[in-house]
$ cat final-v7.txt   # compact mmCIF, C-alpha atoms
# COMPACT_ATOMS: atom_id res chain seq x y z
CA MET Y 7 92.99 122.51 142.65
CA GLU Y 8 93.57 118.79 142.96
CA ILE Y 9 93.92 116.87 139.73
CA ILE Y 10 92.65 113.34 139.22
CA TYR Y 11 95.92 111.68 140.26
CA GLN Y 12 96.14 113.64 143.50
CA LYS Y 13 92.58 112.64 144.29
CA ALA Y 14 93.75 109.04 143.91
CA GLY Y 15 96.45 109.68 146.52
CA LEU Y 16 99.41 110.21 144.20
CA ARG Y 17 101.89 113.07 144.19
CA ARG Y 18 101.72 115.99 141.83
CA VAL Y 19 104.33 115.59 139.10
CA ILE Y 20 106.00 118.42 137.22
CA ASN Y 21 107.37 117.04 133.98
CA ALA Y 22 110.42 118.97 132.79
CA SER Y 23 111.88 115.83 131.25
CA GLY Y 24 110.12 115.56 127.90
CA ARG Y 25 107.69 113.22 126.18
CA MET Y 26 108.53 110.34 128.50
CA THR Y 27 106.43 107.19 128.81
CA ALA Y 28 107.39 106.92 132.48
CA LEU Y 29 105.61 110.23 133.17
CA GLY Y 30 102.55 109.71 130.98
CA VAL Y 31 104.17 111.03 127.77
CA SER Y 32 102.07 114.12 126.98
CA THR Y 33 98.76 115.87 127.57
CA ILE Y 34 96.07 115.63 124.91
CA HIS Y 35 94.07 118.45 123.33
CA ASP Y 36 90.46 118.90 124.52
CA GLU Y 37 89.18 118.01 121.04
CA THR Y 38 91.16 114.77 121.12
CA GLY Y 39 89.57 113.91 124.46
CA LYS Y 40 86.06 114.63 123.15
CA THR Y 41 86.72 112.44 120.12
CA MET Y 42 87.86 109.58 122.33
CA VAL Y 43 84.79 109.80 124.55
CA GLU Y 44 82.46 109.70 121.54
CA ALA Y 45 84.36 106.76 120.06
CA ALA Y 46 84.37 104.87 123.36
CA GLN Y 47 80.60 105.23 123.74
CA ASN Y 48 79.77 103.66 120.37
CA TYR Y 49 80.37 100.44 118.43
CA VAL Y 50 82.26 99.77 115.21
CA VAL Y 51 83.70 96.84 113.24
CA ILE Y 52 87.29 96.99 114.47
CA ASP Y 53 88.90 95.55 111.32
CA GLU Y 54 87.09 98.17 109.23
CA LEU Y 55 88.19 100.90 111.65
CA ILE Y 56 91.83 99.79 111.50
CA ASP Y 57 91.73 99.94 107.71
CA ARG Y 58 89.89 103.27 107.54
CA VAL Y 59 92.05 105.08 110.11
CA GLY Y 60 95.09 103.81 108.22
CA GLU Y 61 93.72 105.19 104.96
CA LEU Y 62 92.99 108.56 106.56
CA LEU Y 63 96.47 108.80 108.06
CA CYS Y 64 98.30 108.15 104.76
CA PRO Y 65 98.05 111.73 103.42
CA PHE Y 66 99.75 113.02 106.56
CA THR Y 67 102.84 110.85 105.95
CA GLY Y 68 102.93 110.43 102.18
CA ALA Y 69 102.96 106.66 102.64
CA ASP Y 70 100.98 104.12 100.63
CA GLY Y 71 99.85 102.23 103.71
CA THR Y 72 99.42 102.63 107.48
CA CYS Y 73 98.85 100.20 110.33
CA VAL Y 74 97.71 101.70 113.65
CA THR Y 75 99.26 100.19 116.77
CA ALA Y 76 99.08 100.34 120.54
CA ASN Y 77 102.42 102.21 120.78
CA THR Y 78 105.81 102.40 119.06
CA SER Y 79 107.06 99.19 120.68
CA ALA Y 80 104.11 97.35 119.13
CA ALA Y 81 104.85 99.09 115.83
CA ILE Y 82 108.43 97.79 115.90
CA CYS Y 83 107.28 94.25 116.71
CA LEU Y 84 104.61 94.18 114.00
CA SER Y 85 106.94 95.75 111.41
CA ILE Y 86 109.55 93.07 111.97
CA ALA Y 87 106.93 90.33 112.01
CA ALA Y 88 105.56 91.66 108.72
CA VAL Y 89 108.88 91.57 106.87
CA MET Y 90 109.39 87.95 107.97
CA THR Y 91 105.96 86.53 107.12
CA GLY Y 92 104.47 88.79 104.49
CA SER Y 93 100.72 88.17 104.22
CA ASN Y 94 100.96 84.40 104.71
CA LEU Y 95 98.45 83.62 107.49
CA ASP Y 96 100.00 80.22 108.21
CA LEU Y 97 103.33 81.91 108.95
CA VAL Y 98 101.60 84.70 110.90
CA GLU Y 99 100.01 82.16 113.22
CA LYS Y 100 103.39 80.51 113.93
CA ILE Y 101 105.16 83.65 115.14
CA PRO Y 102 107.31 83.80 117.30
CA ASP Y 103 108.43 80.49 115.77
CA THR Y 104 110.51 81.68 112.81
CA THR Y 105 111.98 78.32 111.83
CA GLY Y 106 112.87 78.39 108.15
CA LEU Y 107 112.19 82.12 107.74
CA LYS Y 108 114.56 84.96 107.02
CA ASN Y 109 114.67 86.20 110.59
CA GLN Y 110 117.78 88.31 111.14
CA VAL Y 111 117.52 92.08 111.62
CA ILE Y 112 120.71 94.10 111.24
CA ILE Y 113 121.06 97.05 113.62
CA GLN Y 114 124.03 99.30 114.41
CA LYS Y 115 125.65 98.74 117.81
CA GLY Y 116 125.16 102.40 118.76
CA HIS Y 117 121.43 102.04 118.09
CA CYS Y 118 120.97 99.11 120.49
CA VAL Y 119 119.56 101.33 123.21
CA ASN Y 120 117.24 100.92 126.16
CA TYR Y 121 114.36 103.39 125.85
CA GLY Y 122 112.55 101.85 128.85
CA ALA Y 123 113.13 98.39 127.41
CA PRO Y 124 115.89 97.17 125.08
CA VAL Y 125 115.06 97.78 121.43
CA THR Y 126 116.68 94.41 120.74
CA GLN Y 127 114.05 92.78 122.96
CA MET Y 128 111.32 94.15 120.69
CA ILE Y 129 113.10 92.45 117.79
CA ARG Y 130 113.28 89.16 119.72
CA THR Y 131 109.64 89.37 120.84
CA VAL Y 132 108.42 88.22 117.42
CA GLY Y 133 111.11 85.58 117.01
CA ALA Y 134 113.60 87.63 115.02
CA ILE Y 135 117.31 87.71 115.80
CA PRO Y 136 119.02 91.10 116.23
CA VAL Y 137 122.41 91.22 114.54
CA GLU Y 138 124.42 94.02 116.15
CA VAL Y 139 127.13 95.37 113.87
CA GLY Y 140 130.17 97.56 114.50
CA CYS Y 141 131.11 99.10 117.82
CA ALA Y 142 129.19 101.41 120.15
CA ASN Y 143 131.03 104.48 118.88
CA LYS Y 144 131.91 103.50 115.30
CA VAL Y 145 130.12 101.59 112.57
CA ASP Y 146 131.28 101.35 108.98
CA LYS Y 147 129.19 100.55 105.91
CA ALA Y 148 131.33 97.44 105.51
CA ASN Y 149 130.11 96.20 108.91
CA ILE Y 150 126.53 96.32 107.66
CA ILE Y 151 127.20 94.86 104.22
CA GLY Y 152 129.29 92.09 105.72
CA ALA Y 153 126.47 91.04 108.04
CA ILE Y 154 123.93 90.55 105.23
CA ASN Y 155 123.26 86.92 104.35
CA ASP Y 156 120.45 84.65 103.15
CA LYS Y 157 118.80 84.85 106.60
CA THR Y 158 118.59 88.66 106.67
CA ALA Y 159 115.00 89.92 106.86
CA ALA Y 160 115.58 93.67 107.21
CA LEU Y 161 117.84 96.49 108.30
CA MET Y 162 116.73 98.72 111.18
CA TYR Y 163 117.63 102.33 111.96
CA VAL Y 164 116.79 103.97 115.30
CA LYS Y 165 116.35 107.76 115.24
CA SER Y 166 116.52 108.76 118.89
CA HIS Y 167 118.35 110.96 121.37
CA HIS Y 168 119.16 107.72 123.20
CA CYS Y 169 121.43 106.58 120.36
CA VAL Y 170 125.10 107.33 119.88
CA GLN Y 171 125.06 110.44 117.70
CA LYS Y 172 128.55 110.07 116.22
CA GLY Y 173 130.28 107.44 114.18
CA MET Y 174 127.11 105.73 112.93
CA VAL Y 175 126.23 104.96 109.32
CA SER Y 176 123.71 107.53 108.08
CA LEU Y 177 120.11 106.69 107.32
CA GLU Y 178 120.70 107.61 103.67
CA ASP Y 179 123.46 105.01 103.42
CA MET Y 180 121.43 102.42 105.33
CA ILE Y 181 118.61 102.83 102.81
CA LYS Y 182 121.02 102.46 99.88
CA ILE Y 183 122.54 99.33 101.39
CA ALA Y 184 119.14 97.80 102.16
CA HIS Y 185 117.68 98.47 98.73
CA GLY Y 186 120.91 97.43 97.02
CA HIS Y 187 120.41 94.00 98.59
CA ASP Y 188 116.62 93.94 97.99
CA LEU Y 189 115.91 94.28 101.70
CA PRO Y 190 113.44 96.54 103.55
CA LEU Y 191 114.65 99.32 105.86
CA ILE Y 192 112.68 99.92 109.07
CA VAL Y 193 113.00 103.24 110.93
CA ASP Y 194 112.11 103.67 114.59
CA ALA Y 195 111.12 107.35 114.56
CA SER Y 196 109.09 107.21 117.75
CA ALA Y 197 109.54 110.78 118.98
CA GLU Y 198 110.32 112.44 115.65
CA GLU Y 199 108.32 115.50 114.67
CA ASP Y 200 108.45 115.25 110.86
CA LEU Y 201 105.86 112.72 109.70
CA LYS Y 202 106.92 112.78 106.03
CA LYS Y 203 110.72 112.97 106.09
CA TYR Y 204 111.64 109.31 106.35
CA ILE Y 205 109.10 108.03 103.84
CA ALA Y 206 110.33 110.68 101.40
CA MET Y 207 113.90 109.47 101.98
CA GLY Y 208 112.91 105.96 100.90
CA ALA Y 209 112.38 104.06 104.15
CA ASP Y 210 110.10 101.05 103.67
CA LEU Y 211 108.47 101.19 107.11
CA VAL Y 212 108.52 103.99 109.69
CA CYS Y 213 107.30 103.58 113.28
CA TYR Y 214 105.89 106.61 115.13
CA SER Y 215 104.43 107.22 118.57
CA GLY Y 216 101.02 108.83 118.61
CA ALA Y 217 101.62 110.17 122.12
CA LYS Y 218 105.01 111.91 121.89
CA ALA Y 219 105.42 114.73 119.35
CA ILE Y 220 101.83 114.30 118.15
CA GLU Y 221 100.47 114.64 121.71
CA GLY Y 222 97.76 112.05 121.21
CA PRO Y 223 96.62 109.11 123.32
CA THR Y 224 98.79 106.08 123.98
CA SER Y 225 99.09 104.78 120.44
CA GLY Y 226 101.41 104.44 117.47
CA PHE Y 227 101.45 103.65 113.80
CA ILE Y 228 103.51 102.08 111.04
CA CYS Y 229 103.56 103.87 107.71
CA GLY Y 230 105.20 102.79 104.48
CA ARG Y 231 104.84 100.17 101.79
CA LYS Y 232 101.23 98.98 101.63
CA ASP Y 233 102.16 95.34 101.16
CA LEU Y 234 104.11 95.48 104.42
CA THR Y 235 101.59 97.53 106.42
CA ASP Y 236 98.88 95.10 105.27
CA ALA Y 237 101.07 92.24 106.48
CA ALA Y 238 101.54 94.04 109.81
CA LYS Y 239 97.76 94.34 110.22
CA LEU Y 240 97.39 90.61 109.56
CA HIS Y 241 99.41 89.97 112.71
CA TYR Y 242 96.41 91.16 114.75
CA LYS Y 243 95.21 87.62 114.05
CA GLY Y 244 98.37 86.33 115.71
CA ILE Y 245 100.95 87.75 118.10
CA GLY Y 246 99.56 91.24 117.55
CA ARG Y 247 96.44 90.24 119.46
CA SER Y 248 98.38 90.99 122.65
CA MET Y 249 99.21 94.45 121.27
CA LYS Y 250 95.77 95.51 120.05
CA ILE Y 251 94.71 99.14 120.07
CA GLY Y 252 91.23 100.23 121.16
CA LYS Y 253 88.67 102.09 119.07
CA GLU Y 254 88.91 105.24 121.20
CA SER Y 255 92.71 105.36 120.85
CA MET Y 256 92.49 104.94 117.07
CA MET Y 257 90.07 107.83 116.71
CA GLY Y 258 92.01 109.89 119.25
CA LEU Y 259 95.20 109.30 117.28
CA LEU Y 260 93.54 110.44 114.05
CA LYS Y 261 92.21 113.61 115.68
CA ALA Y 262 95.58 114.32 117.31
CA VAL Y 263 97.38 114.00 113.95
CA GLU Y 264 94.88 116.38 112.37
CA ILE Y 265 95.48 118.93 115.15
CA TYR Y 266 99.26 118.43 115.08
CA THR Y 267 99.66 118.87 111.34
CA GLY Y 268 97.37 121.92 111.38
CA ARG Y 269 99.43 123.67 114.05
CA ASP Y 270 101.33 126.88 113.35
CA MET Y 271 104.74 125.35 114.04
CA ALA Y 272 106.61 128.67 113.99
CA ALA Y 273 104.30 130.11 116.65
CA HIS Y 274 104.50 126.89 118.67
CA GLU Y 275 108.30 126.86 118.60
CA ALA Y 276 108.37 130.54 119.58
CA GLN Y 277 106.17 129.75 122.57
CA LEU Y 278 108.49 126.92 123.66
CA ASN Y 279 111.51 129.17 123.31
CA ALA Y 280 109.75 131.78 125.45
CA THR Y 281 109.20 129.12 128.13
CA VAL Y 282 112.90 128.23 128.03
CA ASP Y 283 113.80 131.91 128.40
CA GLN Y 284 111.41 132.14 131.36
CA MET Y 285 113.13 129.17 133.03
CA ILE Y 286 116.58 130.64 132.38
CA GLN Y 287 115.50 133.92 133.96
CA ALA Y 288 113.94 132.15 136.95
CA LEU Y 289 117.07 130.07 137.67
CA THR Y 290 119.77 132.62 136.86
CA GLY Y 291 121.44 133.94 140.01
CA LEU Y 292 120.98 130.80 142.08
CA PRO Y 293 124.25 129.69 143.70
CA HIS Y 294 126.54 126.98 142.34
CA ILE Y 295 125.01 126.73 138.86
CA GLN Y 296 125.45 128.21 135.40
CA VAL Y 297 122.27 128.53 133.34
CA GLY Y 298 121.85 128.77 129.58
CA LYS Y 299 120.07 127.45 126.48
CA SER Y 300 120.88 124.24 124.65
CA TRP Y 301 119.47 122.45 121.61
CA ASP Y 302 118.36 118.87 121.12
CA GLU Y 303 121.28 116.47 120.77
CA ALA Y 304 119.44 114.39 118.13
CA GLY Y 305 118.95 117.35 115.79
CA ARG Y 306 115.31 118.19 116.45
CA ASN Y 307 114.36 121.86 116.65
CA ILE Y 308 113.87 121.76 120.43
CA SER Y 309 115.55 124.19 122.82
CA ARG Y 310 115.98 123.47 126.52
CA CYS Y 311 117.14 125.20 129.67
CA ARG Y 312 120.60 123.87 130.52
CA VAL Y 313 121.96 123.89 134.08
CA ASP Y 314 125.63 123.15 134.66
CA VAL Y 315 126.47 122.38 138.28
CA GLU Y 316 129.68 124.06 139.41
CA SER Y 317 132.41 122.19 141.26
CA SER Y 318 131.80 124.46 144.26
CA CYS Y 319 128.33 122.99 144.76
CA PRO Y 320 128.06 120.75 147.85
CA LEU Y 321 125.68 118.53 145.84
CA THR Y 322 126.35 116.66 142.62
CA ALA Y 323 123.99 117.02 139.68
CA LEU Y 324 122.71 113.51 140.38
CA GLU Y 325 121.92 114.50 143.98
CA ILE Y 326 120.09 117.62 142.77
CA VAL Y 327 118.06 115.48 140.35
CA ALA Y 328 117.16 113.12 143.22
CA ALA Y 329 116.19 116.02 145.49
CA LEU Y 330 113.93 117.48 142.80
CA LYS Y 331 112.13 114.15 142.48
CA ASP Y 332 111.71 113.83 146.23
CA GLY Y 333 108.59 115.21 147.91
CA ASP Y 334 105.45 116.79 146.52
CA PRO Y 335 105.52 118.09 143.86
CA ALA Y 336 107.99 115.67 142.33
CA ILE Y 337 109.97 117.44 139.62
CA TYR Y 338 111.44 115.29 136.86
CA THR Y 339 114.21 116.68 134.69
CA ARG Y 340 116.01 115.51 131.58
CA ASP Y 341 118.87 113.90 133.47
CA HIS Y 342 120.71 111.85 130.82
CA PHE Y 343 123.86 113.95 131.38
CA ALA Y 344 123.59 114.42 135.15
CA ASN Y 345 126.52 112.06 135.65
CA VAL Y 346 128.75 114.68 133.98
CA GLY Y 347 127.20 117.60 135.85
CA THR Y 348 124.49 118.85 133.50
CA ILE Y 349 120.70 118.94 133.96
CA PHE Y 350 118.22 119.94 131.27
CA PHE Y 351 114.68 121.29 131.68
CA ASP Y 352 112.42 120.56 128.69
CA PRO Y 353 109.75 123.19 127.90
CA ARG Y 354 107.33 120.96 125.97
CA PRO Y 355 105.50 119.38 128.95
CA ILE Y 356 105.59 122.51 131.14
CA LEU Y 357 102.16 123.55 132.45
CA PRO Y 358 101.10 126.90 133.95
CA GLY Y 359 102.78 127.45 137.32
CA ASP Y 360 105.47 124.81 136.74
CA VAL Y 361 108.33 127.24 136.11
CA GLU Y 362 107.71 129.03 139.40
CA ALA Y 363 107.53 125.71 141.28
CA ILE Y 364 110.78 124.52 139.70
CA ALA Y 365 112.58 127.75 140.61
CA GLU Y 366 111.30 127.62 144.19
CA LYS Y 367 112.44 124.03 144.72
CA MET Y 368 115.82 124.63 143.07
CA LYS Y 369 116.35 127.62 145.36
CA LYS Y 370 115.63 125.50 148.46
CA ILE Y 371 117.97 122.74 147.28
CA LEU Y 372 120.87 125.01 146.32
CA GLU Y 373 120.62 127.40 149.24
CA GLY Y 374 120.12 124.63 151.76

$ encode --input "final-v7.txt" --output "structure tokens"
Amino acid sequence: MEIIYQKAGLRRVINASGRMTALGVSTIHDETGKTMVEAAQNYVVIDELIDRVGELLCPFTGADGTCVTANTSAAICLSIAAVMTGSNLDLVEKIPDTTGLKNQVIIQKGHCVNYGAPVTQMIRTVGAIPVEVGCANKVDKANIIGAINDKTAALMYVKSHHCVQKGMVSLEDMIKIAHGHDLPLIVDASAEEDLKKYIAMGADLVCYSGAKAIEGPTSGFICGRKDLTDAAKLHYKGIGRSMKIGKESMMGLLKAVEIYTGRDMAAHEAQLNATVDQMIQALTGLPHIQVGKSWDEAGRNISRCRVDVESSCPLTALEIVAALKDGDPAIYTRDHFANVGTIFFDPRPILPGDVEAIAEKMKKILEG
């Protein structure tokens, strides 16, 4: 059966990469879709909706305040704008002009990643200045403390598989340093699964995607200190106007969070593990590869099928990745380590029939 994208003349895509923006992130629950349709077909005062959805999301995070956003990138921008301007409308309307404001954001060098765009560009978008501290593989607390001055607006911590996972200052220590200098700590937790962890640890603002772990529509939210989330919302009267979120996405996000937090996580994780085992079984025995199970490099409870390409293979891992993407269906893998010979297959986006299609295409590629 053709899906909507094939009817539009596009290739079928099998996503074995993960919750990736480049592939449409995730698939929403039927109830989320129904909620969005109902919301889209009716009217509401948007400012009241922003406030109310924020209030309803707070119990799910344990935060005092929430600001809904178009995505995590918007959440980062509005968080940083908020810590610079507070709730001063005159200052809000001048952003990205930050003349005279505390406008420096300290971030560890190993956290200055490109997740589709540079995280430092999101900082600069609202007129702030990223201050990169330490080296890519080693940052010391002294690097962070030494960078704090009278222009520092906030410290930022990026929790992501994209980041260097060794040699960085821990979030616990970042929070202590920030609060010891009366500064807010912002966490980019875009793809994180625990919606309460970082607020409970003491982070002042935490930015989440509504479309990744939560499996909602394209959306995001900032949770944390109410004075700062209120200031973030005020930026919808300024630079945030270009980042506004629609009524249907707000209601879809709320429904998706309700579904996500009501899920039997143990059963869900068991199902994902079963999918990984199915992939391992389907790929085991193919020539030139070793197949096994691996766990998320950023510490999340996510297992994946790992394929190590043997030196005897006439193709490199990068060439196998390219061959999988070629044709119809196009199969996208988690290829961050393909340059060192390893390909991962993520179970979370796998749909019925995908495992068989992956095994068939891998067989053709490896057997020539």

$ closest_residue --input "final-v7.txt" --among "Y:Ile9, Y:Val315, Y:Gly230, Y:Gly305" --to "Y:Lys165" --atoms "all atoms listed in the file"
Y:Gly305

$ closest_residue --input "final-v7.txt" --among "Y:Lys243, Y:His117, Y:Ser225, Y:Val132" --to "Y:Ser176" --atoms "only C-alpha atoms"
Y:His117

$ closest_residue --input "final-v7.txt" --among "Y:Cys213, Y:Leu177, Y:Gly347, Y:Glu44" --to "Y:Glu316" --atoms "only C-alpha atoms"
Y:Gly347

$ atom_distance --input "final-v7.txt" --atom1 "atom CA of Y:Thr224" --atom2 "atom CA of Y:Tyr49"
20.0 Å

$ closest_residue --input "final-v7.txt" --among "Y:Val51, Y:Ile183, Y:Leu29, Y:Leu278" --to "Y:Gly122" --atoms "all atoms listed in the file"
Y:Leu29

$ atom_distance --input "final-v7.txt" --atom1 "atom CA of Y:Val98" --atom2 "atom CA of Y:Gly252"
21.3 Å

$ atom_distance --input "final-v7.txt" --atom1 "atom CA of Y:Met42" --atom2 "atom CA of Y:Gly226"
15.3 Å

$ residues_near_point --input "final-v7.txt" --point "(118.6, 122.3, 125.2)" --cutoff "8 Å" --atoms "all atoms listed in the file" --output "MDAnalysis selection string"
chainID Y and resid 299:303 308:312 350:352

$ closest_residue --input "final-v7.txt" --among "Y:Ala81, Y:Ala184, Y:Met128, Y:Ile228" --to "Y:Pro102" --atoms "only C-alpha atoms"
Y:Met128

$ closest_residue --input "final-v7.txt" --among "Y:Ala363, Y:Leu372, Y:Ala217, Y:Ile205" --to "Y:His35" --atoms "all atoms listed in the file"
Y:Ala217

$ residues_around --input "final-v7.txt" --residues "Y:Ile220" --least-positions-apart "3" --cutoff "12 Å" --atoms "all atoms listed in the file" --output "PyMOL selection string"
chain Y and resi 25+31-35+38+66+196-201+214-217+223-227+258-269+354

$ residues_around --input "final-v7.txt" --residues "Y:Asp360" --least-positions-apart "6" --cutoff "10 Å" --atoms "all atoms listed in the file" --output "PDB file with C-alpha atoms, in the coordinates of the input"
ATOM      1  CA  VAL Y  19     104.330 115.590 139.100  1.00  0.00           C
ATOM      2  CA  ILE Y  20     106.000 118.420 137.220  1.00  0.00           C
ATOM      3  CA  ASN Y  21     107.370 117.040 133.980  1.00  0.00           C
ATOM      4  CA  ALA Y  22     110.420 118.970 132.790  1.00  0.00           C
ATOM      5  CA  MET Y 285     113.130 129.170 133.030  1.00  0.00           C
ATOM      6  CA  PRO Y 335     105.520 118.090 143.860  1.00  0.00           C
ATOM      7  CA  ILE Y 337     109.970 117.440 139.620  1.00  0.00           C
ATOM      8  CA  PRO Y 353     109.750 123.190 127.900  1.00  0.00           C
ATOM      9  CA  GLU Y 366     111.300 127.620 144.190  1.00  0.00           C
TER      10      GLU Y 366
END

$ residues_around --input "final-v7.txt" --residues "Y:Ala344" --least-positions-apart "5" --cutoff "12 Å" --atoms "only C-alpha atoms" --output "PDB file with C-alpha atoms, keeping the file's coordinate frame"
ATOM      1  CA  ARG Y 312     120.600 123.870 130.520  1.00  0.00           C
ATOM      2  CA  VAL Y 313     121.960 123.890 134.080  1.00  0.00           C
ATOM      3  CA  ASP Y 314     125.630 123.150 134.660  1.00  0.00           C
ATOM      4  CA  VAL Y 315     126.470 122.380 138.280  1.00  0.00           C
ATOM      5  CA  LEU Y 321     125.680 118.530 145.840  1.00  0.00           C
ATOM      6  CA  THR Y 322     126.350 116.660 142.620  1.00  0.00           C
ATOM      7  CA  ALA Y 323     123.990 117.020 139.680  1.00  0.00           C
ATOM      8  CA  LEU Y 324     122.710 113.510 140.380  1.00  0.00           C
ATOM      9  CA  GLU Y 325     121.920 114.500 143.980  1.00  0.00           C
ATOM     10  CA  ILE Y 326     120.090 117.620 142.770  1.00  0.00           C
ATOM     11  CA  VAL Y 327     118.060 115.480 140.350  1.00  0.00           C
ATOM     12  CA  ALA Y 328     117.160 113.120 143.220  1.00  0.00           C
ATOM     13  CA  THR Y 339     114.210 116.680 134.690  1.00  0.00           C
ATOM     14  CA  ILE Y 349     120.700 118.940 133.960  1.00  0.00           C
ATOM     15  CA  PHE Y 350     118.220 119.940 131.270  1.00  0.00           C
ATOM     16  CA  PHE Y 351     114.680 121.290 131.680  1.00  0.00           C
TER      17      PHE Y 351
END

$ residues_around --input "final-v7.txt" --residues "Y:Val59" --least-positions-apart "6" --cutoff "9 Å" --atoms "only C-alpha atoms" --output "list of chain:residue names"
Y:Thr72, Y:Cys73, Y:Val74, Y:Met256, Y:Met257, Y:Leu259, Y:Leu260

$ residues_around --input "final-v7.txt" --residues "stretch 147-164 of chain Y" --least-positions-apart "2" --cutoff "8 Å" --atoms "all atoms listed in the file" --output "ChimeraX atom specification"
/Y:86,89-90,107-114,117,137,139-140,145,166,169,175,177,179-180,183-184,189-195

$ residues_near_point --input "final-v7.txt" --point "(107.6, 84.6, 112.2)" --cutoff "12 Å" --atoms "only C-alpha atoms" --output "MDAnalysis selection string"
chainID Y and resid 83:110 129:135 159 237:238 241 244:246

$ axis_aligned_box --input "final-v7.txt" --around "stretch 182-194 of chain Y" --padding-each-side "8 Å" --output "JSON"
{"center_x": 117.3, "center_y": 98.8, "center_z": 105.8, "size_x": 26.4, "size_y": 25.7, "size_z": 33.6}

$ decode --input "final-v7.txt" --residues "stretch 295-307 of chain Y" --atoms "N, CA and C atoms" --output "tab-separated table (two decimals), in the first residue's frame"
chain	number	residue	atom	x	y	z
Y	295	ILE	N	30.40	-9.56	7.94
Y	295	ILE	CA	29.98	-8.72	9.07
Y	295	ILE	C	29.87	-9.55	10.34
Y	296	GLN	N	30.03	-8.88	11.48
Y	296	GLN	CA	29.76	-9.44	12.79
Y	296	GLN	C	28.59	-8.66	13.38
Y	297	VAL	N	27.62	-9.38	13.94
Y	297	VAL	CA	26.38	-8.75	14.40
Y	297	VAL	C	26.22	-8.97	15.90
Y	298	GLY	N	25.79	-7.94	16.61
Y	298	GLY	CA	25.55	-8.06	18.04
Y	298	GLY	C	24.67	-6.94	18.55
Y	299	LYS	N	24.59	-6.82	19.87
Y	299	LYS	CA	23.76	-5.80	20.52
Y	299	LYS	C	24.65	-4.78	21.20
Y	300	SER	N	24.25	-3.52	21.12
Y	300	SER	CA	25.00	-2.45	21.77
Y	300	SER	C	24.01	-1.52	22.45
Y	301	TRP	N	24.53	-0.72	23.40
Y	301	TRP	CA	23.67	0.19	24.15
Y	301	TRP	C	24.04	1.63	23.87
Y	302	ASP	N	23.10	2.51	24.08
Y	302	ASP	CA	23.25	3.93	23.76
Y	302	ASP	C	24.50	4.54	24.39
Y	303	GLU	N	25.26	5.25	23.57
Y	303	GLU	CA	26.53	5.81	24.03
Y	303	GLU	C	26.35	6.97	25.01
Y	304	ALA	N	25.14	7.57	25.02
Y	304	ALA	CA	24.88	8.70	25.91
Y	304	ALA	C	24.21	8.28	27.21
Y	305	GLY	N	24.08	6.96	27.43
Y	305	GLY	CA	23.58	6.47	28.70
Y	305	GLY	C	22.10	6.22	28.78
Y	306	ARG	N	21.36	6.45	27.69
Y	306	ARG	CA	19.93	6.14	27.71
Y	306	ARG	C	19.71	4.64	27.63
Y	307	ASN	N	18.58	4.18	28.11
Y	307	ASN	CA	18.30	2.74	28.12
Y	307	ASN	C	17.75	2.30	26.75
